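Notes follow once the structure below has been shown.
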Amino acid sequence: MTDMQVAAALAALEAHRVEIGHRRIVDLFEADPTRARRFRAELDDLALDYSKHRINDDTLAHLLALARAADLEGKRDALFSGAPVNLTEGRAAMHMALRDLSGEPILVNGENVRPAVEAERAKMLAFAEAVRAGDLRGATGERFTDVVNIGIGGSDLGPAMAARALSPFSGEGPRAHFVSNVDGADLADTLAGLDLARTLFIVSSKTFTTQETMTNAASARARVAAALGEAAVGDHFAAVSTKLDLVARFGIRPDRVFGFWDWVGGRYSIWSSIGLALAIFIGRDNFMAFLRGGHDVDRHFAQTPLQDNIPALMGLLGVYYRNAWDYGAHAVIPYDQRLARFPAYLQQLDMESNGKGVTRDGEPVRMATAPVIWGEPGTNGQHAFFQMLHQGTSVVPVDFLVAAQPVDADAHHHNLLFANCLAQSEALMRGRTRAQVETQLRAQNLSEHEIARLGPHKVFGGDRPSSTILYRRLDPRTLGRLVALYEHKVFVQAAIWNINPFDQWGVELGKELCNALAPVVADASASLDGLEPATASLIEARRRLAAG
Ligand code: F6P
């Protein structure tokens, strides 16, 4: 692989884009009626339909050539080998080890980590089951009815997203709550309805230094000590971290501390002990099914030829729109209410991983990288921002996610949900021409003057691309597959752009500035000399308002 080969493959793709840009997706369907069947990839009962894209066989050939030029397969093999692919931190990125249920050795930096992974998971799941069964109780002897995970970013979004997605699988387990924001309203609102005597807190932080998490944990600890006595704290706290020495200093009992490893990135850590709150909520068997789903995708990604490889196709289509079409955003719209937090989860996964401006070698990256990832569940989004998707001046490719059957909802509701999902992707693709609009308005007996006036407002340009991911139902294994598919999609794009998706230096500067500002903000008499003028002016304004 050379930069020149990648540049040549990209140039060929761009030239092809100009050519295919003259053809509408509906025309591509007309030219090839088998398209819906051919542009489809499957993994058991999950399918990616990518027929509603501005692509034909030549496009795919160009994208596969780009993947080869960027040595996607070589980079993928290096990832799975457990080599330190996170170059700036000198670490492997082996979150796949946490869900590898094959029984085979798993090498990370040449060491078989399977025994350690399995031992930690067994300890974590035994704790989860003991809490669910009521064998582990609070200081007053009462069962835990509520579990509060205190964490942020990857130590929050994964378990919070998954607990919501899998709520029908919780059975008799405790309720799960998630506190992340340093805004005290988050903790206060969460604790408002809870009985501390029946509440277990889990402090989740890879580094155990994150300001928000440590602040919330200290406040929660103080609340427990005030309500139940200092001696009760040990019975009401557990922790998940890679920094066991720092956890010990916080005062959490060693048998309630669950570890993981620095080769698990924060946004890839849901599969580790960071999933403890989720495991308590859904139980051991469901948690294992979730891991199994992730592992199934790992095998698919590692072994399937790229033209049938779902994460490879998702990633390459994203590169196509980002780099050949210059589209700056990508929407993920689950027609599955319980996936309400999935877009937020993907925002961290995708934008923290691929929001990079330099290559793995530290050179400025020559291609645009991560698009803005956003979304909300359908059908709600239809009544909010879909106007922009259909008629706005920016084209936003969409991933629609939908189940063939509901987990426990009414069939009538689900039929309507499903029909809405299909209707939206079809409307985005087909659009509505001026001639069609005029015919419709004439049928309503409008005057020619009114037809001319309203016509332009009612035209839909169409040709707006989307994928549909269809799965049987949103169960633990399917959720595991969805998460892992997007993880590998992000990896594929990083491989093409030749960036490191496993570090996140861009979060550092704000943290450092905040640490410096916090004492000045807290002390109303502190000097503002030397601060940025805009910052000083806002602190002054806040002081005036706070004093009033
Ligand atoms: O600030 C970004 C980040 O480092 C994320 O990558 C991470 O998931 C989050 O903060 C939380 O970090 P920790 O688990 O160490 O508290």
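Each chain in the structure tokens gets a letter, A, B and so on, in the order shown; residues start at 1 in every chain, and ligands are counted from 1 in the order they appear.
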Can you write out as JSON lines which residues of chain A fall within 6 Å of ligand 1, alongside each residue's closest atom pair and its distance in Å to one decimal, counting only C-alpha atoms and all ligand atoms and ordering rows by chain and ascending residue number?
```
{"residue": "A:Ile152", "atom": "CA", "partner": "ligand 1", "partner_atom_place_in_ligand_line": "11 (C)", "distance": 5.0}
{"residue": "A:Gly153", "atom": "CA", "partner": "ligand 1", "partner_atom_place_in_ligand_line": "8 (O)", "distance": 4.0}
{"residue": "A:Gly154", "atom": "CA", "partner": "ligand 1", "partner_atom_place_in_ligand_line": "8 (O)", "distance": 3.4}
{"residue": "A:Ser155", "atom": "CA", "partner": "ligand 1", "partner_atom_place_in_ligand_line": "14 (O)", "distance": 4.8}
{"residue": "A:Ser205", "atom": "CA", "partner": "ligand 1", "partner_atom_place_in_ligand_line": "14 (O)", "distance": 3.4}
{"residue": "A:Lys206", "atom": "CA", "partner": "ligand 1", "partner_atom_place_in_ligand_line": "14 (O)", "distance": 3.7}
{"residue": "A:Thr207", "atom": "CA", "partner": "ligand 1", "partner_atom_place_in_ligand_line": "15 (O)", "distance": 3.7}
{"residue": "A:Phe208", "atom": "CA", "partner": "ligand 1", "partner_atom_place_in_ligand_line": "15 (O)", "distance": 5.7}
{"residue": "A:Thr210", "atom": "CA", "partner": "ligand 1", "partner_atom_place_in_ligand_line": "16 (O)", "distance": 4.5}
{"residue": "A:Gly266", "atom": "CA", "partner": "ligand 1", "partner_atom_place_in_ligand_line": "8 (O)", "distance": 3.9}
{"residue": "A:Arg267", "atom": "CA", "partner": "ligand 1", "partner_atom_place_in_ligand_line": "8 (O)", "distance": 5.0}
{"residue": "A:Val507", "atom": "CA", "partner": "ligand 1", "partner_atom_place_in_ligand_line": "1 (O)", "distance": 5.3}
```
Within 8 Å of Val332 of chain A using only C-alpha atoms, minus same-chain residues under 4 positions, as a ChimeraX atom specification: /A:343,373-376,398-401
Strand (DSSP E) positions in segment 104-333 of chain A, given as an MDAnalysis selection string: chainID A and resid 107:108 111:112 146:150 175:179 199:204 237:241 257:259 329:333
Can you write out the residues you just picked, keeping N, CA and C atoms, as a CSV table (one decimal), in the first residue's frame?
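Wrote result_32.csv, looks like this:
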```csv
chain,number,residue,atom,x,y,z
A,107,LEU,N,-4.5,-13.7,21.8
A,107,LEU,CA,-3.2,-13.1,22.0
A,107,LEU,C,-3.3,-11.6,22.0
A,108,VAL,N,-2.8,-11.0,23.0
A,108,VAL,CA,-2.7,-9.5,23.1
A,108,VAL,C,-1.2,-9.2,23.4
A,111,GLU,N,0.6,-12.3,24.5
A,111,GLU,CA,0.2,-13.0,25.7
A,111,GLU,C,-1.2,-13.5,25.5
A,112,ASN,N,-1.4,-14.8,26.0
A,112,ASN,CA,-2.8,-15.3,26.0
A,112,ASN,C,-3.6,-14.7,27.1
A,146,ASP,N,-32.5,-0.9,43.0
A,146,ASP,CA,-32.0,0.1,42.1
A,146,ASP,C,-30.5,0.1,42.0
A,147,VAL,N,-30.0,0.1,40.8
A,147,VAL,CA,-28.5,0.2,40.6
A,147,VAL,C,-28.3,1.5,39.8
A,148,VAL,N,-27.3,2.3,40.4
A,148,VAL,CA,-27.0,3.6,39.7
A,148,VAL,C,-25.5,3.5,39.2
A,149,ASN,N,-25.4,3.5,37.9
A,149,ASN,CA,-24.0,3.5,37.3
A,149,ASN,C,-23.6,5.0,37.2
A,150,ILE,N,-22.4,5.3,37.8
A,150,ILE,CA,-21.8,6.6,37.7
A,150,ILE,C,-20.6,6.5,36.8
A,175,ARG,N,-33.8,-2.1,38.9
A,175,ARG,CA,-33.9,-1.1,37.9
A,175,ARG,C,-32.4,-0.5,37.7
A,176,ALA,N,-32.2,-0.1,36.5
A,176,ALA,CA,-30.8,0.5,36.2
A,176,ALA,C,-30.9,2.0,35.9
A,177,HIS,N,-30.1,2.8,36.5
A,177,HIS,CA,-30.1,4.2,36.3
A,177,HIS,C,-28.6,4.6,35.9
A,178,PHE,N,-28.5,5.7,35.2
A,178,PHE,CA,-27.2,6.2,34.8
A,178,PHE,C,-27.0,7.6,35.0
A,179,VAL,N,-26.0,8.0,35.8
A,179,VAL,CA,-25.6,9.4,36.1
A,179,VAL,C,-24.3,9.7,35.4
A,199,THR,N,-30.3,1.0,47.3
A,199,THR,CA,-29.6,1.4,46.0
A,199,THR,C,-28.1,1.0,46.1
A,200,LEU,N,-27.7,0.4,45.0
A,200,LEU,CA,-26.3,0.1,44.8
A,200,LEU,C,-25.7,1.0,43.8
A,201,PHE,N,-24.5,1.6,44.1
A,201,PHE,CA,-23.8,2.5,43.2
A,201,PHE,C,-22.6,1.8,42.6
A,202,ILE,N,-22.5,1.9,41.3
A,202,ILE,CA,-21.3,1.4,40.6
A,202,ILE,C,-20.5,2.6,40.0
A,203,VAL,N,-19.3,2.8,40.5
A,203,VAL,CA,-18.5,3.9,40.0
A,203,VAL,C,-17.7,3.3,38.8
A,204,SER,N,-18.0,3.7,37.6
A,204,SER,CA,-17.3,3.1,36.4
A,204,SER,C,-16.4,4.2,35.7
A,237,PHE,N,-21.4,0.4,47.5
A,237,PHE,CA,-20.6,0.8,46.3
A,237,PHE,C,-19.9,-0.4,45.7
A,238,ALA,N,-19.8,-0.3,44.4
A,238,ALA,CA,-18.9,-1.2,43.7
A,238,ALA,C,-18.1,-0.3,42.7
A,239,ALA,N,-17.1,-0.9,42.1
A,239,ALA,CA,-16.4,0.0,41.1
A,239,ALA,C,-15.9,-0.9,39.9
A,240,VAL,N,-15.7,-0.2,38.8
A,240,VAL,CA,-15.1,-0.9,37.6
A,240,VAL,C,-14.0,0.1,37.1
A,241,SER,N,-12.8,-0.4,36.9
A,241,SER,CA,-11.7,0.4,36.5
A,241,SER,C,-10.5,-0.4,36.1
A,257,VAL,N,-14.6,-4.8,43.4
A,257,VAL,CA,-13.9,-4.0,42.3
A,257,VAL,C,-13.6,-4.9,41.2
A,258,PHE,N,-14.0,-4.5,40.0
A,258,PHE,CA,-13.9,-5.3,38.8
A,258,PHE,C,-13.0,-4.6,37.8
A,259,GLY,N,-12.1,-5.3,37.2
A,259,GLY,CA,-11.1,-4.7,36.4
A,259,GLY,C,-11.3,-4.9,34.9
A,329,ALA,N,-22.5,14.8,6.9
A,329,ALA,CA,-23.3,14.2,8.0
A,329,ALA,C,-23.8,12.8,7.6
A,330,HIS,N,-24.1,12.1,8.6
A,330,HIS,CA,-24.7,10.7,8.5
A,330,HIS,C,-25.7,10.5,9.6
A,331,ALA,N,-26.9,10.2,9.2
A,331,ALA,CA,-28.0,10.0,10.2
A,331,ALA,C,-28.2,8.5,10.5
A,332,VAL,N,-28.5,8.2,11.7
A,332,VAL,CA,-28.8,6.8,12.1
A,332,VAL,C,-30.2,6.9,12.7
A,333,ILE,N,-31.2,6.3,12.1
A,333,ILE,CA,-32.6,6.4,12.5
A,333,ILE,C,-33.2,5.0,12.9
```
Any idea what's packed within 10 Å of segment 136-139 of chain A, counting only C-alpha atoms, ignoring anything in its chain fewer than 2 positions away? Could you give it as a PDB file with C-alpha atoms, in the first residue's frame?
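Dumped everything to result.pdb:
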```
ATOM      1  CA  PHE A 127     -21.604 -10.451  41.555  1.00  0.00           C
ATOM      2  CA  ALA A 128     -24.367  -9.444  39.119  1.00  0.00           C
ATOM      3  CA  GLU A 129     -26.317 -12.633  39.795  1.00  0.00           C
ATOM      4  CA  ALA A 130     -25.898 -12.258  43.561  1.00  0.00           C
ATOM      5  CA  VAL A 131     -27.342  -8.740  43.405  1.00  0.00           C
ATOM      6  CA  ARG A 132     -30.227  -9.913  41.197  1.00  0.00           C
ATOM      7  CA  ALA A 133     -30.993 -12.836  43.496  1.00  0.00           C
ATOM      8  CA  GLY A 134     -30.904 -10.690  46.614  1.00  0.00           C
ATOM      9  CA  GLY A 141     -30.454  -5.969  55.000  1.00  0.00           C
ATOM     10  CA  GLU A 142     -32.796  -4.889  52.230  1.00  0.00           C
ATOM     11  CA  ARG A 143     -32.584  -6.161  48.650  1.00  0.00           C
ATOM     12  CA  PHE A 144     -31.214  -3.800  46.036  1.00  0.00           C
ATOM     13  CA  THR A 145     -34.084  -2.555  43.889  1.00  0.00           C
ATOM     14  CA  LEU A 196     -30.720   4.792  49.316  1.00  0.00           C
ATOM     15  CA  ALA A 197     -31.099   1.747  51.592  1.00  0.00           C
ATOM     16  CA  ARG A 198     -32.046  -0.239  48.481  1.00  0.00           C
ATOM     17  CA  THR A 199     -29.617   1.401  46.036  1.00  0.00           C
ATOM     18  CA  LEU A 200     -26.280   0.082  44.809  1.00  0.00           C
ATOM     19  CA  LEU A 228     -27.186   5.293  56.317  1.00  0.00           C
ATOM     20  CA  GLY A 229     -23.940   6.042  58.184  1.00  0.00           C
ATOM     21  CA  ALA A 231     -20.085   2.208  57.816  1.00  0.00           C
ATOM     22  CA  ALA A 232     -22.781   1.542  55.187  1.00  0.00           C
ATOM     23  CA  VAL A 233     -20.729   2.912  52.311  1.00  0.00           C
ATOM     24  CA  GLY A 234     -18.900  -0.382  51.665  1.00  0.00           C
ATOM     25  CA  ASP A 235     -22.202  -2.210  51.208  1.00  0.00           C
ATOM     26  CA  HIS A 236     -23.555   0.296  48.699  1.00  0.00           C
ATOM     27  CA  PHE A 237     -20.625   0.821  46.335  1.00  0.00           C
TER      28      PHE A 237
END
```
Contacts of Lys75 of chain A within 10 Å, only C-alpha atoms, excl. fewer than 2 positions in-chain, as a PyMOL selection string: chain A and resi 70-73+77-81+85+491-492+494-496+498
Neighbour list for Asp336 of chain A as a PyMOL selection string, cut-off 9 Å, only C-alpha atoms, skip fewer than 2 positions in-chain: chain A and resi 165+333-334+338-340+377-379+401-403+406+417+474
Would you export the selected residues with C-alpha atoms as a tab-separated table (two decimals), in the first residue's frame, please?
```
chain	number	residue	atom	x	y	z
A	165	ALA	CA	-32.55	-1.40	24.41
A	333	ILE	CA	-32.59	6.41	12.53
A	334	PRO	CA	-33.73	3.35	14.46
A	338	ARG	CA	-35.70	1.06	22.61
A	339	LEU	CA	-32.70	2.04	20.48
A	340	ALA	CA	-33.33	5.66	21.43
A	377	PRO	CA	-35.86	7.13	16.60
A	378	GLY	CA	-38.46	7.06	13.87
A	379	THR	CA	-41.29	7.79	13.74
A	401	LEU	CA	-32.69	0.16	11.57
A	402	VAL	CA	-35.82	-1.93	12.00
A	403	ALA	CA	-36.90	-5.26	13.47
A	406	PRO	CA	-41.43	-6.52	18.08
A	417	LEU	CA	-43.78	1.39	12.52
A	474	LEU	CA	-34.06	-6.58	19.24
```
Near Ser466 of chain A, within 12 Å and counting only C-alpha atoms, which residues show up once chain neighbours fewer than 4 positions away are dropped, as a PDB file with C-alpha atoms, in the first residue's frame?
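Contents of the output file out.pdb:
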```
ATOM      1  CA  ILE A  25     -31.287   5.673  -8.038  1.00  0.00           C
ATOM      2  CA  LEU A  48     -27.995  -4.936   5.260  1.00  0.00           C
ATOM      3  CA  ASP A  49     -29.995  -3.655   2.271  1.00  0.00           C
ATOM      4  CA  TYR A  50     -27.768  -1.178   0.452  1.00  0.00           C
ATOM      5  CA  SER A  51     -29.665  -1.080  -2.812  1.00  0.00           C
ATOM      6  CA  LYS A  52     -30.959   2.484  -2.315  1.00  0.00           C
ATOM      7  CA  HIS A  53     -27.558   4.065  -2.852  1.00  0.00           C
ATOM      8  CA  ARG A  54     -26.072   5.939  -5.771  1.00  0.00           C
ATOM      9  CA  ILE A  55     -24.009   2.923  -6.689  1.00  0.00           C
ATOM     10  CA  MET A 314     -21.065   0.080   5.638  1.00  0.00           C
ATOM     11  CA  LEU A 317     -20.331   3.444   1.561  1.00  0.00           C
ATOM     12  CA  GLY A 318     -19.619   6.019   4.261  1.00  0.00           C
ATOM     13  CA  TYR A 321     -20.303   9.777   0.491  1.00  0.00           C
ATOM     14  CA  HIS A 330     -24.703  10.750   8.454  1.00  0.00           C
ATOM     15  CA  ALA A 331     -27.983   9.975  10.223  1.00  0.00           C
ATOM     16  CA  VAL A 332     -28.848   6.795  12.108  1.00  0.00           C
ATOM     17  CA  ILE A 333     -32.592   6.415  12.530  1.00  0.00           C
ATOM     18  CA  LEU A 389     -33.663  15.167   5.079  1.00  0.00           C
ATOM     19  CA  HIS A 390     -36.260  15.341   2.295  1.00  0.00           C
ATOM     20  CA  VAL A 395     -27.881  15.528   1.491  1.00  0.00           C
ATOM     21  CA  VAL A 396     -27.593  13.279   4.549  1.00  0.00           C
ATOM     22  CA  PRO A 397     -27.227   9.534   3.961  1.00  0.00           C
ATOM     23  CA  VAL A 398     -29.344   7.564   6.434  1.00  0.00           C
ATOM     24  CA  ASP A 399     -29.113   4.185   8.144  1.00  0.00           C
ATOM     25  CA  PHE A 400     -32.600   2.905   8.937  1.00  0.00           C
ATOM     26  CA  LEU A 401     -32.690   0.158  11.575  1.00  0.00           C
ATOM     27  CA  CYS A 421     -39.660   3.009   7.940  1.00  0.00           C
ATOM     28  CA  LEU A 422     -40.045   1.675   4.403  1.00  0.00           C
ATOM     29  CA  ALA A 423     -42.076   4.690   3.320  1.00  0.00           C
ATOM     30  CA  GLN A 424     -39.357   7.092   4.419  1.00  0.00           C
ATOM     31  CA  SER A 425     -36.491   5.352   2.655  1.00  0.00           C
ATOM     32  CA  GLU A 426     -38.624   5.073  -0.479  1.00  0.00           C
ATOM     33  CA  ALA A 427     -39.637   8.748  -0.316  1.00  0.00           C
ATOM     34  CA  LEU A 428     -36.015   9.796   0.110  1.00  0.00           C
ATOM     35  CA  MET A 429     -35.054   7.797  -2.944  1.00  0.00           C
ATOM     36  CA  ARG A 430     -37.991   8.486  -5.279  1.00  0.00           C
ATOM     37  CA  GLY A 462     -35.279  12.473  -4.253  1.00  0.00           C
TER      38      GLY A 462
END
```
Coordinates-based distance that separates atom CA of Leu517 of chain A from atom CA of Pro533 of chain A (Å, one decimal): 13.3 Å
Closest of A:Arg322, A:His449, A:Arg292, A:Arg432 to Arg481 of chain A - atom-to-atom distances counting only C-alpha atoms: A:Arg292
Backbone DSSP call of alpha helix (DSSP H) for segment 86-278 of chain A, listed as a ChimeraX atom specification: /A:114-133,157-165,184-192,211-228,233-236,244-250,276-278
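Of the listed residues (A:Gln440, A:Thr213, A:Thr242, A:Gln307), A:Gln307 comes nearest to Ala65 of chain A; the distances count only C-alpha atoms.
Of the residues listed (A:Glu42, A:Glu19, A:Asp57, A:Asp100), A:Asp100 shows the shortest atom-to-atom separation from Arg299 of chain A; distances use only C-alpha atoms.
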Could you give me, as a PDB file with N, CA, C and O atoms, in the first residue's frame, the residues within 12 Å of Ala61 of chain A, counting only C-alpha atoms and dropping anything in the same chain fewer than 6 positions from it?
```pdb
ATOM      1  N   ALA A   9      -6.713   5.471  -6.346  1.00  0.00           N
ATOM      2  CA  ALA A   9      -8.015   4.785  -6.210  1.00  0.00           C
ATOM      3  C   ALA A   9      -9.112   5.793  -5.892  1.00  0.00           C
ATOM      4  O   ALA A   9     -10.237   5.687  -6.386  1.00  0.00           O
ATOM      5  N   LEU A  10      -8.772   6.775  -5.081  1.00  0.00           N
ATOM      6  CA  LEU A  10      -9.769   7.803  -4.726  1.00  0.00           C
ATOM      7  C   LEU A  10     -10.102   8.657  -5.950  1.00  0.00           C
ATOM      8  O   LEU A  10     -11.273   8.981  -6.195  1.00  0.00           O
ATOM      9  N   ALA A  12      -9.986   7.737  -9.020  1.00  0.00           N
ATOM     10  CA  ALA A  12     -10.820   6.924  -9.916  1.00  0.00           C
ATOM     11  C   ALA A  12     -12.262   6.893  -9.393  1.00  0.00           C
ATOM     12  O   ALA A  12     -13.222   6.968 -10.160  1.00  0.00           O
ATOM     13  N   LEU A  13     -12.402   6.803  -8.089  1.00  0.00           N
ATOM     14  CA  LEU A  13     -13.744   6.796  -7.486  1.00  0.00           C
ATOM     15  C   LEU A  13     -14.450   8.131  -7.739  1.00  0.00           C
ATOM     16  O   LEU A  13     -15.636   8.172  -8.074  1.00  0.00           O
ATOM     17  N   HIS A  16     -15.585   8.302 -11.273  1.00  0.00           N
ATOM     18  CA  HIS A  16     -16.780   7.455 -11.410  1.00  0.00           C
ATOM     19  C   HIS A  16     -18.004   8.164 -10.828  1.00  0.00           C
ATOM     20  O   HIS A  16     -19.102   8.089 -11.379  1.00  0.00           O
ATOM     21  N   ILE A  55     -25.112   3.840  -6.337  1.00  0.00           N
ATOM     22  CA  ILE A  55     -24.009   2.923  -6.689  1.00  0.00           C
ATOM     23  C   ILE A  55     -24.460   1.930  -7.752  1.00  0.00           C
ATOM     24  O   ILE A  55     -25.648   1.656  -7.898  1.00  0.00           O
ATOM     25  N   ALA A  67     -10.201  -0.007  -0.907  1.00  0.00           N
ATOM     26  CA  ALA A  67      -9.932  -0.795   0.307  1.00  0.00           C
ATOM     27  C   ALA A  67      -8.612  -1.555   0.153  1.00  0.00           C
ATOM     28  O   ALA A  67      -7.803  -1.615   1.093  1.00  0.00           O
ATOM     29  N   ARG A  68      -8.403  -2.107  -1.015  1.00  0.00           N
ATOM     30  CA  ARG A  68      -7.154  -2.853  -1.240  1.00  0.00           C
ATOM     31  C   ARG A  68      -5.952  -1.912  -1.222  1.00  0.00           C
ATOM     32  O   ARG A  68      -4.927  -2.205  -0.615  1.00  0.00           O
ATOM     33  N   LEU A 306     -14.633  -9.063   1.298  1.00  0.00           N
ATOM     34  CA  LEU A 306     -15.095  -7.680   1.510  1.00  0.00           C
ATOM     35  C   LEU A 306     -16.411  -7.373   0.797  1.00  0.00           C
ATOM     36  O   LEU A 306     -17.238  -6.623   1.304  1.00  0.00           O
ATOM     37  N   GLN A 307     -16.638  -7.973  -0.366  1.00  0.00           N
ATOM     38  CA  GLN A 307     -17.868  -7.620  -1.102  1.00  0.00           C
ATOM     39  C   GLN A 307     -19.132  -8.125  -0.416  1.00  0.00           C
ATOM     40  O   GLN A 307     -20.221  -7.667  -0.741  1.00  0.00           O
ATOM     41  N   LEU A 313     -18.794  -3.061   3.959  1.00  0.00           N
ATOM     42  CA  LEU A 313     -19.683  -2.337   3.039  1.00  0.00           C
ATOM     43  C   LEU A 313     -20.188  -1.051   3.680  1.00  0.00           C
ATOM     44  O   LEU A 313     -20.223   0.014   3.040  1.00  0.00           O
ATOM     45  N   LEU A 316     -17.302   1.421   3.669  1.00  0.00           N
ATOM     46  CA  LEU A 316     -16.933   1.908   2.336  1.00  0.00           C
ATOM     47  C   LEU A 316     -18.002   2.840   1.774  1.00  0.00           C
ATOM     48  O   LEU A 316     -17.675   3.847   1.130  1.00  0.00           O
ATOM     49  N   LEU A 317     -19.273   2.534   2.021  1.00  0.00           N
ATOM     50  CA  LEU A 317     -20.331   3.444   1.561  1.00  0.00           C
ATOM     51  C   LEU A 317     -20.187   4.812   2.247  1.00  0.00           C
ATOM     52  O   LEU A 317     -20.373   5.857   1.630  1.00  0.00           O
ATOM     53  N   TYR A 320     -17.451   6.627   0.591  1.00  0.00           N
ATOM     54  CA  TYR A 320     -17.929   7.089  -0.731  1.00  0.00           C
ATOM     55  C   TYR A 320     -18.635   8.440  -0.588  1.00  0.00           C
ATOM     56  O   TYR A 320     -18.323   9.402  -1.301  1.00  0.00           O
TER      57      TYR A 320
END
```
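Considering only C-alpha atoms, the residue among A:Arg360, A:Arg453, A:Arg472, A:Arg76 positioned nearest to Val490 of chain A is A:Arg76.
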